[in-house]
file upload-v1.txt (compact mmCIF, C-alpha atoms and all ligand atoms)
# COMPACT_ATOMS: atom_id res chain seq x y z
CA MET A 125 0.00 0.00 0.00
CA MET A 126 1.32 3.37 -0.90
CA ILE A 127 0.61 6.42 1.13
CA ILE A 128 0.77 9.65 -0.74
CA ILE A 129 1.15 12.72 1.37
CA ARG A 130 0.12 15.79 -0.53
CA LEU A 131 1.36 19.02 0.92
CA SER A 132 -0.50 22.06 -0.21
CA PHE A 133 0.96 25.50 0.16
CA PRO A 134 -0.83 28.78 -0.18
CA GLN A 135 -0.43 30.52 -3.47
CA LEU A 136 0.95 33.96 -2.90
CA SER A 137 -1.22 36.44 -4.66
CA LYS A 138 -0.16 40.03 -5.17
CA SER A 139 -2.79 42.51 -4.11
CA SER A 140 -3.20 45.89 -5.79
CA ASN A 141 -0.84 47.62 -3.36
CA GLY A 142 1.91 45.14 -4.12
CA MET A 143 1.82 43.36 -0.75
CA PHE A 144 1.60 39.60 -0.46
CA ARG A 145 -1.74 38.98 1.17
CA ASN A 146 -1.64 35.34 2.16
CA LEU A 147 1.57 35.29 4.17
CA ASN A 148 -0.41 34.86 7.37
CA PHE A 149 -2.06 31.72 5.97
CA TRP A 150 -1.09 29.46 8.83
CA GLY A 151 -3.14 31.38 11.38
CA ASN A 152 -6.21 31.96 9.22
CA LYS A 153 -7.50 28.69 7.98
CA LYS A 154 -11.19 29.51 8.11
CA VAL A 155 -13.98 31.33 6.32
CA ILE A 156 -17.24 32.45 7.90
CA THR A 157 -20.24 32.24 5.57
CA LEU A 158 -23.16 34.48 6.48
CA MET A 159 -26.74 33.48 5.70
CA TYR A 160 -29.37 36.15 5.10
CA HIS A 161 -32.96 35.75 3.88
CA GLN A 162 -35.03 38.94 3.85
CA ILE A 163 -33.81 42.53 4.08
CA GLY A 164 -36.82 44.37 5.43
CA GLN A 165 -39.14 44.77 8.41
CA SER A 166 -41.25 41.83 9.50
CA THR A 167 -43.59 41.79 12.49
CA PHE A 168 -44.16 38.06 12.33
CA ASP A 169 -40.79 36.37 12.00
CA PRO A 170 -40.61 33.17 14.10
CA TRP A 171 -37.30 32.13 12.50
CA GLY A 172 -35.65 35.53 12.68
CA LEU A 173 -35.17 35.73 8.91
CA ALA A 174 -35.56 39.49 8.40
CA VAL A 175 -32.75 42.00 8.87
CA SER A 176 -33.78 45.66 8.63
CA PRO A 177 -32.19 47.71 5.81
CA ILE A 178 -30.52 50.03 8.35
CA ASN A 179 -28.92 47.11 10.18
CA PHE A 180 -27.96 45.38 6.93
CA GLU A 181 -26.14 48.50 5.76
CA ALA A 182 -24.34 48.65 9.12
CA HIS A 183 -23.27 44.99 8.67
CA LEU A 184 -21.87 45.82 5.23
CA LYS A 185 -19.93 48.76 6.63
CA VAL A 186 -18.33 46.44 9.21
CA LEU A 187 -17.51 43.87 6.53
CA HIS A 188 -16.10 46.52 4.20
CA ASN A 189 -13.87 48.06 6.88
CA HIS A 190 -12.61 45.01 8.79
CA PHE A 191 -13.07 41.82 6.75
CA THR A 192 -12.25 40.36 3.33
CA VAL A 193 -15.45 39.39 1.55
CA ILE A 194 -14.88 36.67 -1.05
CA THR A 195 -17.14 35.12 -3.69
CA SER A 196 -18.40 31.54 -3.40
CA ASP A 197 -16.31 30.65 -6.47
CA SER A 198 -13.18 32.00 -4.81
CA LEU A 199 -14.13 29.99 -1.71
CA ALA A 200 -14.47 26.88 -3.89
CA ASN A 201 -11.03 27.47 -5.39
CA SER A 202 -9.49 28.07 -1.96
CA ILE A 203 -10.71 24.88 -0.30
CA GLY A 204 -7.74 22.57 0.06
CA GLN A 205 -5.41 25.56 -0.22
CA SER A 206 -5.57 28.80 1.70
CA PHE A 207 -8.00 31.53 2.66
CA PRO A 208 -7.35 35.25 2.95
CA LYS A 209 -7.28 36.70 6.47
CA ASN A 210 -10.69 37.39 8.03
CA ALA A 211 -12.48 35.93 5.00
CA VAL A 212 -16.26 36.13 4.90
CA CYS A 213 -18.72 34.90 2.29
CA ILE A 214 -22.19 36.54 2.05
CA SER A 215 -25.18 34.41 1.04
CA PHE A 216 -28.94 34.86 0.69
CA ASP A 217 -31.45 32.02 0.59
CA ASP A 218 -34.75 31.69 -1.29
CA GLY A 219 -34.78 34.78 -3.57
CA TYR A 220 -36.95 37.41 -1.83
CA SER A 221 -37.84 40.55 -3.81
CA ASP A 222 -36.04 42.76 -1.28
CA ASN A 223 -32.76 41.02 -2.13
CA PHE A 224 -33.07 42.78 -5.47
CA SER A 225 -34.78 46.03 -4.45
CA ILE A 226 -32.76 46.71 -1.28
CA ALA A 227 -29.73 44.42 -0.77
CA LYS A 228 -28.36 44.65 -4.33
CA GLY A 229 -27.86 48.44 -4.22
CA MET A 230 -26.28 48.34 -0.77
CA LEU A 231 -23.87 45.56 -1.74
CA GLU A 232 -22.94 47.52 -4.88
CA LYS A 233 -22.33 50.65 -2.82
CA PHE A 234 -19.73 48.78 -0.74
CA LYS A 235 -18.56 46.67 -3.74
CA LEU A 236 -19.15 43.47 -1.77
CA PRO A 237 -19.85 40.16 -3.55
CA ALA A 238 -22.72 37.85 -2.56
CA THR A 239 -24.31 34.58 -3.63
CA PHE A 240 -28.10 34.30 -3.97
CA PHE A 241 -29.57 30.80 -3.62
CA ILE A 242 -32.81 30.73 -5.56
CA SER A 243 -35.92 28.51 -5.34
CA SER A 244 -37.01 29.06 -8.91
CA TYR A 245 -40.61 27.75 -8.92
CA TYR A 246 -41.80 30.72 -6.84
CA ILE A 247 -39.87 33.20 -8.99
CA GLU A 248 -41.09 31.67 -12.24
CA HIS A 249 -44.74 31.68 -11.12
CA GLN A 250 -44.56 34.87 -9.04
CA ILE A 251 -46.22 33.28 -6.03
CA PRO A 252 -45.21 33.62 -2.36
CA PHE A 253 -42.98 30.97 -0.79
CA TRP A 254 -45.30 28.40 0.76
CA TRP A 255 -44.51 29.34 4.38
CA ASP A 256 -45.32 32.98 3.66
CA GLU A 257 -48.55 32.05 1.91
CA LEU A 258 -49.45 29.86 4.91
CA GLU A 259 -48.80 32.86 7.15
CA SER A 260 -51.11 35.10 5.13
CA VAL A 261 -53.84 32.43 5.14
CA ILE A 262 -53.65 31.78 8.89
CA PHE A 263 -53.16 35.38 10.01
CA ASP A 264 -56.24 36.74 8.33
CA ASN A 265 -57.37 40.34 8.37
CA ASN A 266 -59.23 39.89 11.67
CA LEU A 267 -55.90 40.63 13.23
CA MET A 268 -55.11 44.29 13.42
CA SER A 269 -51.50 45.33 13.05
CA ALA A 270 -51.47 46.40 16.73
CA ASP A 271 -52.08 42.77 17.72
CA MET A 272 -49.05 41.69 15.73
CA LYS A 273 -46.83 43.37 18.35
CA ILE A 274 -47.10 40.28 20.54
CA TYR A 275 -45.13 38.35 17.91
CA GLN A 276 -42.27 40.76 17.57
CA ASN A 277 -39.97 39.10 20.07
CA TRP A 278 -41.24 35.58 19.73
CA ARG A 279 -38.83 33.16 18.10
CA TRP A 280 -39.46 29.50 17.43
CA PRO A 281 -39.03 26.98 19.20
CA ALA A 282 -40.22 29.06 22.20
CA ASN A 283 -43.95 28.49 22.84
CA PRO A 284 -46.17 30.42 20.42
CA PRO A 285 -47.72 33.43 22.19
CA ASP A 286 -51.33 32.72 21.14
CA ALA A 287 -53.68 30.23 19.45
CA VAL A 288 -53.21 31.66 15.93
CA SER A 289 -49.42 31.46 16.00
CA ASP A 290 -49.74 27.98 17.53
CA LYS A 291 -51.92 26.95 14.58
CA TYR A 292 -49.38 28.40 12.17
CA ILE A 293 -46.48 26.46 13.71
CA ASN A 294 -48.48 23.19 13.74
CA GLU A 295 -49.45 23.58 10.09
CA TRP A 296 -45.89 24.53 9.16
CA ALA A 297 -44.48 21.40 10.85
CA ARG A 298 -47.14 19.27 9.15
CA LEU A 299 -46.43 20.67 5.67
CA LYS A 300 -42.64 20.95 5.77
CA PRO A 301 -41.88 17.25 4.97
CA LEU A 302 -44.44 17.11 2.12
CA ALA A 303 -44.03 17.55 -1.63
CA TYR A 304 -45.18 20.90 -3.02
CA PRO A 305 -48.45 19.66 -4.64
CA GLU A 306 -49.58 18.33 -1.24
CA ILE A 307 -48.60 21.58 0.46
CA ARG A 308 -50.52 23.47 -2.24
CA ASP A 309 -53.68 21.39 -1.63
CA ARG A 310 -53.56 21.96 2.12
CA ILE A 311 -53.05 25.73 1.78
CA ASP A 312 -55.97 25.88 -0.67
CA ILE A 313 -58.20 24.05 1.84
CA LEU A 314 -57.16 26.35 4.69
CA SER A 315 -57.76 29.33 2.46
CA GLN A 316 -61.29 28.17 1.55
CA ASN A 317 -62.13 27.56 5.22
CA ASN A 318 -60.96 30.98 6.14
CA GLN A 319 -63.52 33.29 4.57
CA SER A 320 -62.16 36.41 6.17
CA ASN A 321 -58.75 35.90 4.63
CA ASN A 322 -57.91 38.75 2.31
CA GLY A 323 -55.55 36.51 0.41
CA SER A 324 -52.73 39.00 0.09
CA CYS A 325 -49.18 38.25 1.06
CA ASN A 326 -46.66 41.04 1.25
CA LYS A 327 -43.60 38.80 1.30
CA LEU A 328 -42.83 37.97 -2.32
CA PRO A 329 -40.02 36.48 -4.37
CA MET A 330 -38.11 38.62 -6.87
CA SER A 331 -39.21 38.46 -10.52
CA THR A 332 -37.43 36.54 -13.26
CA ASN A 333 -36.28 39.87 -14.72
CA ASP A 334 -34.88 40.91 -11.33
CA LEU A 335 -32.94 37.67 -11.18
CA ILE A 336 -31.55 38.14 -14.69
CA GLU A 337 -30.53 41.72 -13.82
CA LEU A 338 -28.90 40.52 -10.58
CA SER A 339 -26.96 37.83 -12.42
CA LYS A 340 -25.44 40.39 -14.81
CA SER A 341 -23.37 42.02 -12.08
CA PRO A 342 -19.84 40.60 -11.66
CA LEU A 343 -20.36 40.97 -7.90
CA PHE A 344 -23.19 38.49 -7.72
CA THR A 345 -23.43 34.73 -8.09
CA ILE A 346 -26.73 32.90 -8.53
CA GLY A 347 -26.79 29.57 -6.71
CA ALA A 348 -29.31 26.73 -6.67
CA HIS A 349 -31.80 26.05 -3.83
CA THR A 350 -34.18 23.53 -5.53
CA MET A 351 -37.38 24.31 -7.46
CA THR A 352 -39.98 24.27 -4.65
CA HIS A 353 -37.87 24.14 -1.46
CA PRO A 354 -38.52 20.56 -0.20
CA ALA A 355 -36.91 19.11 2.93
CA LEU A 356 -34.84 16.79 0.73
CA SER A 357 -34.21 13.90 3.14
CA ASN A 358 -37.97 13.15 3.24
CA HIS A 359 -38.06 12.38 -0.49
CA HIS A 360 -37.03 9.64 -2.89
CA ILE A 361 -33.78 10.17 -4.80
CA ASN A 362 -35.67 10.69 -8.10
CA TYR A 363 -37.80 13.43 -6.57
CA GLN A 364 -34.71 15.08 -5.08
CA GLU A 365 -32.88 14.87 -8.39
CA ASN A 366 -35.72 16.51 -10.30
CA GLU A 367 -35.94 19.31 -7.73
CA ILE A 368 -32.19 19.98 -7.84
CA VAL A 369 -31.46 19.47 -11.54
CA SER A 370 -34.54 21.34 -12.87
CA ASN A 371 -33.64 24.27 -10.64
CA ILE A 372 -30.06 24.35 -11.95
CA HIS A 373 -31.25 24.15 -15.57
CA TRP A 374 -33.82 26.91 -15.04
CA ILE A 375 -31.23 29.24 -13.53
CA GLU A 376 -28.68 28.48 -16.24
CA ALA A 377 -31.25 28.99 -19.01
CA HIS A 378 -32.22 32.42 -17.62
CA THR A 379 -28.83 33.75 -16.57
CA GLY A 380 -26.61 32.15 -19.22
CA LYS A 381 -24.12 31.25 -16.48
CA SER A 382 -23.29 27.87 -15.03
CA VAL A 383 -24.41 27.18 -11.49
CA THR A 384 -21.55 26.23 -9.18
CA ALA A 385 -23.04 26.50 -5.69
CA PHE A 386 -26.05 25.03 -3.90
CA SER A 387 -27.70 25.42 -0.51
CA TYR A 388 -29.91 22.73 1.03
CA PRO A 389 -33.42 24.01 1.86
CA TYR A 390 -33.77 24.08 5.69
CA GLY A 391 -30.18 22.75 5.71
CA ASP A 392 -31.77 19.30 5.28
CA PHE A 393 -30.08 16.56 3.22
CA ASN A 394 -29.19 12.85 3.17
CA ASP A 395 -26.72 10.63 1.28
CA ASP A 396 -28.90 10.76 -1.86
CA SER A 397 -28.78 14.56 -1.86
CA LEU A 398 -24.98 14.45 -1.55
CA THR A 399 -24.73 12.06 -4.51
CA ILE A 400 -26.89 14.35 -6.64
CA VAL A 401 -25.00 17.56 -5.90
CA LYS A 402 -21.68 15.83 -6.52
CA ASN A 403 -22.91 14.45 -9.88
CA ASN A 404 -24.11 17.80 -11.18
CA ASP A 405 -20.93 19.84 -11.48
CA LEU A 406 -21.59 21.80 -8.32
CA LYS A 407 -18.41 22.87 -6.54
CA LEU A 408 -19.98 23.70 -3.18
CA ALA A 409 -23.07 22.93 -1.13
CA PHE A 410 -24.03 24.78 2.06
CA THR A 411 -25.94 23.53 5.07
CA THR A 412 -27.38 25.73 7.84
CA LYS A 413 -25.08 24.30 10.48
CA GLY A 414 -23.37 27.14 12.32
CA LYS A 415 -19.69 26.39 11.78
CA SER A 416 -16.77 28.03 10.02
CA ILE A 417 -15.25 26.57 6.85
CA LYS A 418 -11.80 25.04 7.22
CA TYR A 419 -9.44 24.35 4.31
CA ASN A 420 -9.98 20.58 4.63
CA ASP A 421 -13.80 20.64 4.91
CA ASP A 422 -16.07 18.53 2.72
CA PRO A 423 -17.13 21.13 0.08
CA TYR A 424 -20.63 19.59 -0.02
CA GLN A 425 -21.37 20.06 3.68
CA LEU A 426 -20.23 23.60 4.40
CA GLY A 427 -21.42 25.48 7.46
CA ARG A 428 -23.11 28.88 7.56
CA PHE A 429 -24.18 31.29 10.29
CA GLN A 430 -27.61 32.87 10.25
CA VAL A 431 -27.38 36.62 10.67
CA GLN A 432 -30.05 38.18 12.85
CA ASN A 433 -31.43 41.68 13.01
CA TRP A 434 -28.38 43.00 14.85
CA THR A 435 -26.95 46.51 14.91
CA GLY A 436 -23.52 47.00 13.30
CA GLU A 437 -21.84 46.77 16.68
CA GLN A 438 -23.65 43.57 17.69
CA PHE A 439 -22.91 42.07 14.28
CA GLU A 440 -19.19 42.79 14.51
CA GLN A 441 -19.05 41.33 18.02
CA GLN A 442 -20.86 38.20 16.85
CA LEU A 443 -18.70 37.79 13.76
CA ARG A 444 -15.48 38.06 15.77
CA LEU A 445 -16.87 35.50 18.22
CA TRP A 446 -17.63 33.08 15.34
CA PHE A 447 -14.06 33.44 14.07
CA LYS A 448 -12.70 32.80 17.54
CA LYS A 449 -14.95 29.94 18.67
CA TYR A 450 -16.13 27.96 15.65
ZN ZN B 1 -34.52 28.39 1.92

call {"tool": "encode", "arguments": {"input": "upload-v1.txt", "output": "structure tokens"}}
result
Amino acid sequence: MMIIIRLSFPQLSKSSNGMFRNLNFWGNKKVITLMYHQIGQSTFDPWGLAVSPINFEAHLKVLHNHFTVITSDSLANSIGQSFPKNAVCISFDDGYSDNFSIAKGMLEKFKLPATFFISSYYIEHQIPFWWDELESVIFDNNLMSADMKIYQNWRWPANPPDAVSDKYINEWARLKPLAYPEIRDRIDILSQNNQSNNGSCNKLPMSTNDLIELSKSPLFTIGAHTMTHPALSNHHINYQENEIVSNIHWIEAHTGKSVTAFSYPYGDFNDDSLTIVKNNDLKLAFTTKGKSIKYNDDPYQLGRFQVQNWTGEQFEQQLRLWFKKY
């Protein structure tokens, strides 16, 4: 038996000011990937997905001044080699409209790259993501906006503060493992039973044109996130494959660029999912497990940290803690 020991050394890259940037490679073998969803205000946000525009801009200022933000492609090329000092990767999941209308301009202002993981079925059909549609069906217009204040500080899995939010969480847990057509049927039934429901949902995905526009910028990468956002491990390999591959093809057909990165909806995957992402020319796949990325990590099970609605100061503190501890 032959044992081959492969030593990999950092490639010294000259930065614009002529300094060698990666000389401190040995002490900086990690990248923190940030996970955002919505940039906006949300009164009902049990998973803490929304970051206000003011806070998001403050996060970008911190990143611009103190960290090196790299693209997901540069991360893919660095795995097995070296990372720049204080390297951070910015990612967004799902494809909310505010990613285009708010986040894009702010990222451009600071010239920071980001990867957007897109669930294309909702974008193609311009319908809300199922969990947002469920929210609009369950929280009908009997609830005045003043009542919504009780939800502001409630975060799952803490006990829901009232019967309506309890119903929402129960329905959400019941629907999450299902295939989209079954979820669709259930939401339609709930909607018919709820006569007072005004049927409007203010949380929407971006449009196909928004996505195409976003993909044109050299700063932005469009990644895959399945067609309809299933919890993959609950489904047969053929179902998973269709969800993943159709999504990649849809994105590639609309952006004209090959898809290199993927994120697992809900961070959920099994061995079948791993086989599919490896067989489809993807270089990276992200989970939602809060851990930093080391140079020897499996590129198909990369960790990410969910960013909450923190001020710039809180964000910087948290980010430095992640670098130190994880
Ligand atoms: Zn998602």

call {"tool": "residues_near_ligand", "arguments": {"input": "upload-v1.txt", "ligand": "ligand ZN 1 (chain B)", "cutoff": "8 Å", "atoms": "all atoms listed in the file", "output": "MDAnalysis selection string"}}
result
chainID A and resid 161 217:218 241 243 349 353 387:390

call {"tool": "closest_residue", "arguments": {"input": "upload-v1.txt", "among": "A:Gln162, A:Ser221, A:Ser202, A:Asn189", "to": "Leu335 of chain A", "atoms": "only C-alpha atoms"}}
result
A:Ser221

call {"tool": "residues_near_point", "arguments": {"input": "upload-v1.txt", "point": "(-25.7, 15.7, -12.3)", "cutoff": "10 Å", "atoms": "only C-alpha atoms", "output": "ChimeraX atom specification"}}
result
/A:365,368-369,372,399-406

call {"tool": "atom_distance", "arguments": {"input": "upload-v1.txt", "atom1": "atom CA of Ile214 of chain A", "atom2": "atom CA of Phe429 of chain A"}}
result
10.0 Å

call {"tool": "atom_distance", "arguments": {"input": "upload-v1.txt", "atom1": "atom CA of Ser289 of chain A", "atom2": "atom CA of Ile307 of chain A"}}
result
18.4 Å

call {"tool": "closest_residue", "arguments": {"input": "upload-v1.txt", "among": "A:Leu338, A:Thr332, A:Phe207, A:Asn283", "to": "Tyr246 of chain A", "atoms": "only C-alpha atoms"}}
result
A:Thr332

call {"tool": "atom_distance", "arguments": {"input": "upload-v1.txt", "atom1": "atom CA of Asp421 of chain A", "atom2": "atom CA of Asn433 of chain A"}}
result
28.6 Å

call {"tool": "closest_atom_pairs", "arguments": {"input": "upload-v1.txt", "of": "segment 327-371 of chain A", "to": "segment 226-239 of chain A", "cutoff": "6 Å", "atoms": "all atoms listed in the file", "output": "Markdown table"}}
result
| residue | atom | partner | partner_atom | distance |
| --- | --- | --- | --- | --- |
| A:Leu343 | CA | A:Pro237 | CA | 4.5 |
| A:Phe344 | CA | A:Ala238 | CA | 5.2 |
| A:Thr345 | CA | A:Thr239 | CA | 4.5 |
| A:Ile346 | CA | A:Thr239 | CA | 5.7 |

call {"tool": "closest_residue", "arguments": {"input": "upload-v1.txt", "among": "A:Gln430, A:Glu181, A:Ser244, A:Pro252", "to": "Ser370 of chain A", "atoms": "all atoms listed in the file"}}
result
A:Ser244

call {"tool": "residues_near_point", "arguments": {"input": "upload-v1.txt", "point": "(-14.3, 24.1, 4.4)", "cutoff": "9 Å", "atoms": "all atoms listed in the file", "output": "list in words"}}
result
Lys153, Lys154, Val155, Leu199, Ala200, Ser202, Ile203, Gly204, Ser416, Ile417, Lys418, Tyr419, Asn420, Asp421, Asp422, Pro423, Tyr424, Gln425, Leu426 and Gly427 of chain A

call {"tool": "closest_residue", "arguments": {"input": "upload-v1.txt", "among": "A:Ala182, A:Thr167, A:Trp254, A:Leu158", "to": "Ile194 of chain A", "atoms": "all atoms listed in the file"}}
result
A:Leu158

call {"tool": "closest_residue", "arguments": {"input": "upload-v1.txt", "among": "A:Lys340, A:His359, A:Arg279, A:Lys415", "to": "Ala303 of chain A", "atoms": "only C-alpha atoms"}}
result
A:His359

call {"tool": "residues_around", "arguments": {"input": "upload-v1.txt", "residues": "Met330 of chain A", "least_positions_apart": "2", "cutoff": "9 Å", "atoms": "all atoms listed in the file", "output": "CSV table (one decimal) with C-alpha atoms, keeping the file's coordinate frame"}}
result
chain,number,residue,atom,x,y,z
A,219,GLY,CA,-34.8,34.8,-3.6
A,220,TYR,CA,-37.0,37.4,-1.8
A,221,SER,CA,-37.8,40.6,-3.8
A,222,ASP,CA,-36.0,42.8,-1.3
A,223,ASN,CA,-32.8,41.0,-2.1
A,224,PHE,CA,-33.1,42.8,-5.5
A,225,SER,CA,-34.8,46.0,-4.4
A,246,TYR,CA,-41.8,30.7,-6.8
A,247,ILE,CA,-39.9,33.2,-9.0
A,250,GLN,CA,-44.6,34.9,-9.0
A,328,LEU,CA,-42.8,38.0,-2.3
A,332,THR,CA,-37.4,36.5,-13.3
A,333,ASN,CA,-36.3,39.9,-14.7
A,334,ASP,CA,-34.9,40.9,-11.3
A,335,LEU,CA,-32.9,37.7,-11.2

call {"tool": "closest_residue", "arguments": {"input": "upload-v1.txt", "among": "A:Ala174, A:Ile293, A:Val186, A:Ile361", "to": "Gln442 of chain A", "atoms": "all atoms listed in the file"}}
result
A:Val186

call {"tool": "axis_aligned_box", "arguments": {"input": "upload-v1.txt", "around": "segment 365-369 of chain A", "padding_each_side": "6 Å", "output": "lines of an AutoDock Vina configuration file"}}
result
center_x = -33.7
center_y = 17.4
center_z = -9.6
size_x = 16.5
size_y = 17.1
size_z = 15.8

call {"tool": "build_atoms", "arguments": {"input": "upload-v1.txt", "residues": "segment 354-374 of chain A", "atoms": "N, CA and C atoms", "output": "PDB file, in the coordinates of the input"}}
result
ATOM      1  N   PRO A 354     -38.154  21.709  -1.048  1.00  0.00           N
ATOM      2  CA  PRO A 354     -38.520  20.560  -0.200  1.00  0.00           C
ATOM      3  C   PRO A 354     -37.451  20.284   0.864  1.00  0.00           C
ATOM      4  N   ALA A 355     -37.871  19.634   1.957  1.00  0.00           N
ATOM      5  CA  ALA A 355     -36.910  19.110   2.930  1.00  0.00           C
ATOM      6  C   ALA A 355     -36.411  17.794   2.322  1.00  0.00           C
ATOM      7  N   LEU A 356     -35.272  17.862   1.638  1.00  0.00           N
ATOM      8  CA  LEU A 356     -34.840  16.790   0.730  1.00  0.00           C
ATOM      9  C   LEU A 356     -34.842  15.396   1.335  1.00  0.00           C
ATOM     10  N   SER A 357     -34.389  15.250   2.583  1.00  0.00           N
ATOM     11  CA  SER A 357     -34.210  13.900   3.140  1.00  0.00           C
ATOM     12  C   SER A 357     -35.525  13.133   3.261  1.00  0.00           C
ATOM     13  N   ASN A 358     -36.664  13.822   3.161  1.00  0.00           N
ATOM     14  CA  ASN A 358     -37.970  13.150   3.240  1.00  0.00           C
ATOM     15  C   ASN A 358     -38.400  12.548   1.907  1.00  0.00           C
ATOM     16  N   HIS A 359     -37.600  12.765   0.848  1.00  0.00           N
ATOM     17  CA  HIS A 359     -38.060  12.380  -0.490  1.00  0.00           C
ATOM     18  C   HIS A 359     -37.140  11.369  -1.167  1.00  0.00           C
ATOM     19  N   HIS A 360     -37.741  10.634  -2.083  1.00  0.00           N
ATOM     20  CA  HIS A 360     -37.030   9.640  -2.890  1.00  0.00           C
ATOM     21  C   HIS A 360     -35.951  10.328  -3.733  1.00  0.00           C
ATOM     22  N   ILE A 361     -34.900   9.589  -4.047  1.00  0.00           N
ATOM     23  CA  ILE A 361     -33.780  10.170  -4.800  1.00  0.00           C
ATOM     24  C   ILE A 361     -34.230  10.770  -6.138  1.00  0.00           C
ATOM     25  N   ASN A 362     -35.205  10.155  -6.797  1.00  0.00           N
ATOM     26  CA  ASN A 362     -35.670  10.690  -8.100  1.00  0.00           C
ATOM     27  C   ASN A 362     -36.358  12.044  -7.924  1.00  0.00           C
ATOM     28  N   TYR A 363     -37.123  12.166  -6.847  1.00  0.00           N
ATOM     29  CA  TYR A 363     -37.800  13.430  -6.570  1.00  0.00           C
ATOM     30  C   TYR A 363     -36.759  14.514  -6.257  1.00  0.00           C
ATOM     31  N   GLN A 364     -35.783  14.142  -5.434  1.00  0.00           N
ATOM     32  CA  GLN A 364     -34.710  15.080  -5.080  1.00  0.00           C
ATOM     33  C   GLN A 364     -33.959  15.536  -6.331  1.00  0.00           C
ATOM     34  N   GLU A 365     -33.667  14.565  -7.193  1.00  0.00           N
ATOM     35  CA  GLU A 365     -32.880  14.870  -8.390  1.00  0.00           C
ATOM     36  C   GLU A 365     -33.642  15.849  -9.287  1.00  0.00           C
ATOM     37  N   ASN A 366     -34.922  15.608  -9.469  1.00  0.00           N
ATOM     38  CA  ASN A 366     -35.720  16.510 -10.300  1.00  0.00           C
ATOM     39  C   ASN A 366     -35.742  17.922  -9.711  1.00  0.00           C
ATOM     40  N   GLU A 367     -35.917  18.008  -8.401  1.00  0.00           N
ATOM     41  CA  GLU A 367     -35.940  19.310  -7.730  1.00  0.00           C
ATOM     42  C   GLU A 367     -34.614  20.067  -7.909  1.00  0.00           C
ATOM     43  N   ILE A 368     -33.511  19.338  -7.779  1.00  0.00           N
ATOM     44  CA  ILE A 368     -32.190  19.980  -7.840  1.00  0.00           C
ATOM     45  C   ILE A 368     -31.803  20.297  -9.286  1.00  0.00           C
ATOM     46  N   VAL A 369     -31.936  19.305 -10.157  1.00  0.00           N
ATOM     47  CA  VAL A 369     -31.460  19.470 -11.540  1.00  0.00           C
ATOM     48  C   VAL A 369     -32.336  20.468 -12.312  1.00  0.00           C
ATOM     49  N   SER A 370     -33.666  20.393 -12.144  1.00  0.00           N
ATOM     50  CA  SER A 370     -34.540  21.340 -12.870  1.00  0.00           C
ATOM     51  C   SER A 370     -34.252  22.770 -12.438  1.00  0.00           C
ATOM     52  N   ASN A 371     -33.974  22.944 -11.160  1.00  0.00           N
ATOM     53  CA  ASN A 371     -33.640  24.270 -10.640  1.00  0.00           C
ATOM     54  C   ASN A 371     -32.345  24.804 -11.275  1.00  0.00           C
ATOM     55  N   ILE A 372     -31.335  23.942 -11.334  1.00  0.00           N
ATOM     56  CA  ILE A 372     -30.060  24.350 -11.950  1.00  0.00           C
ATOM     57  C   ILE A 372     -30.282  24.717 -13.413  1.00  0.00           C
ATOM     58  N   HIS A 373     -31.012  23.878 -14.138  1.00  0.00           N
ATOM     59  CA  HIS A 373     -31.250  24.150 -15.570  1.00  0.00           C
ATOM     60  C   HIS A 373     -32.030  25.444 -15.769  1.00  0.00           C
ATOM     61  N   TRP A 374     -33.005  25.680 -14.919  1.00  0.00           N
ATOM     62  CA  TRP A 374     -33.820  26.910 -15.040  1.00  0.00           C
ATOM     63  C   TRP A 374     -32.942  28.136 -14.835  1.00  0.00           C
TER      64      TRP A 374
END
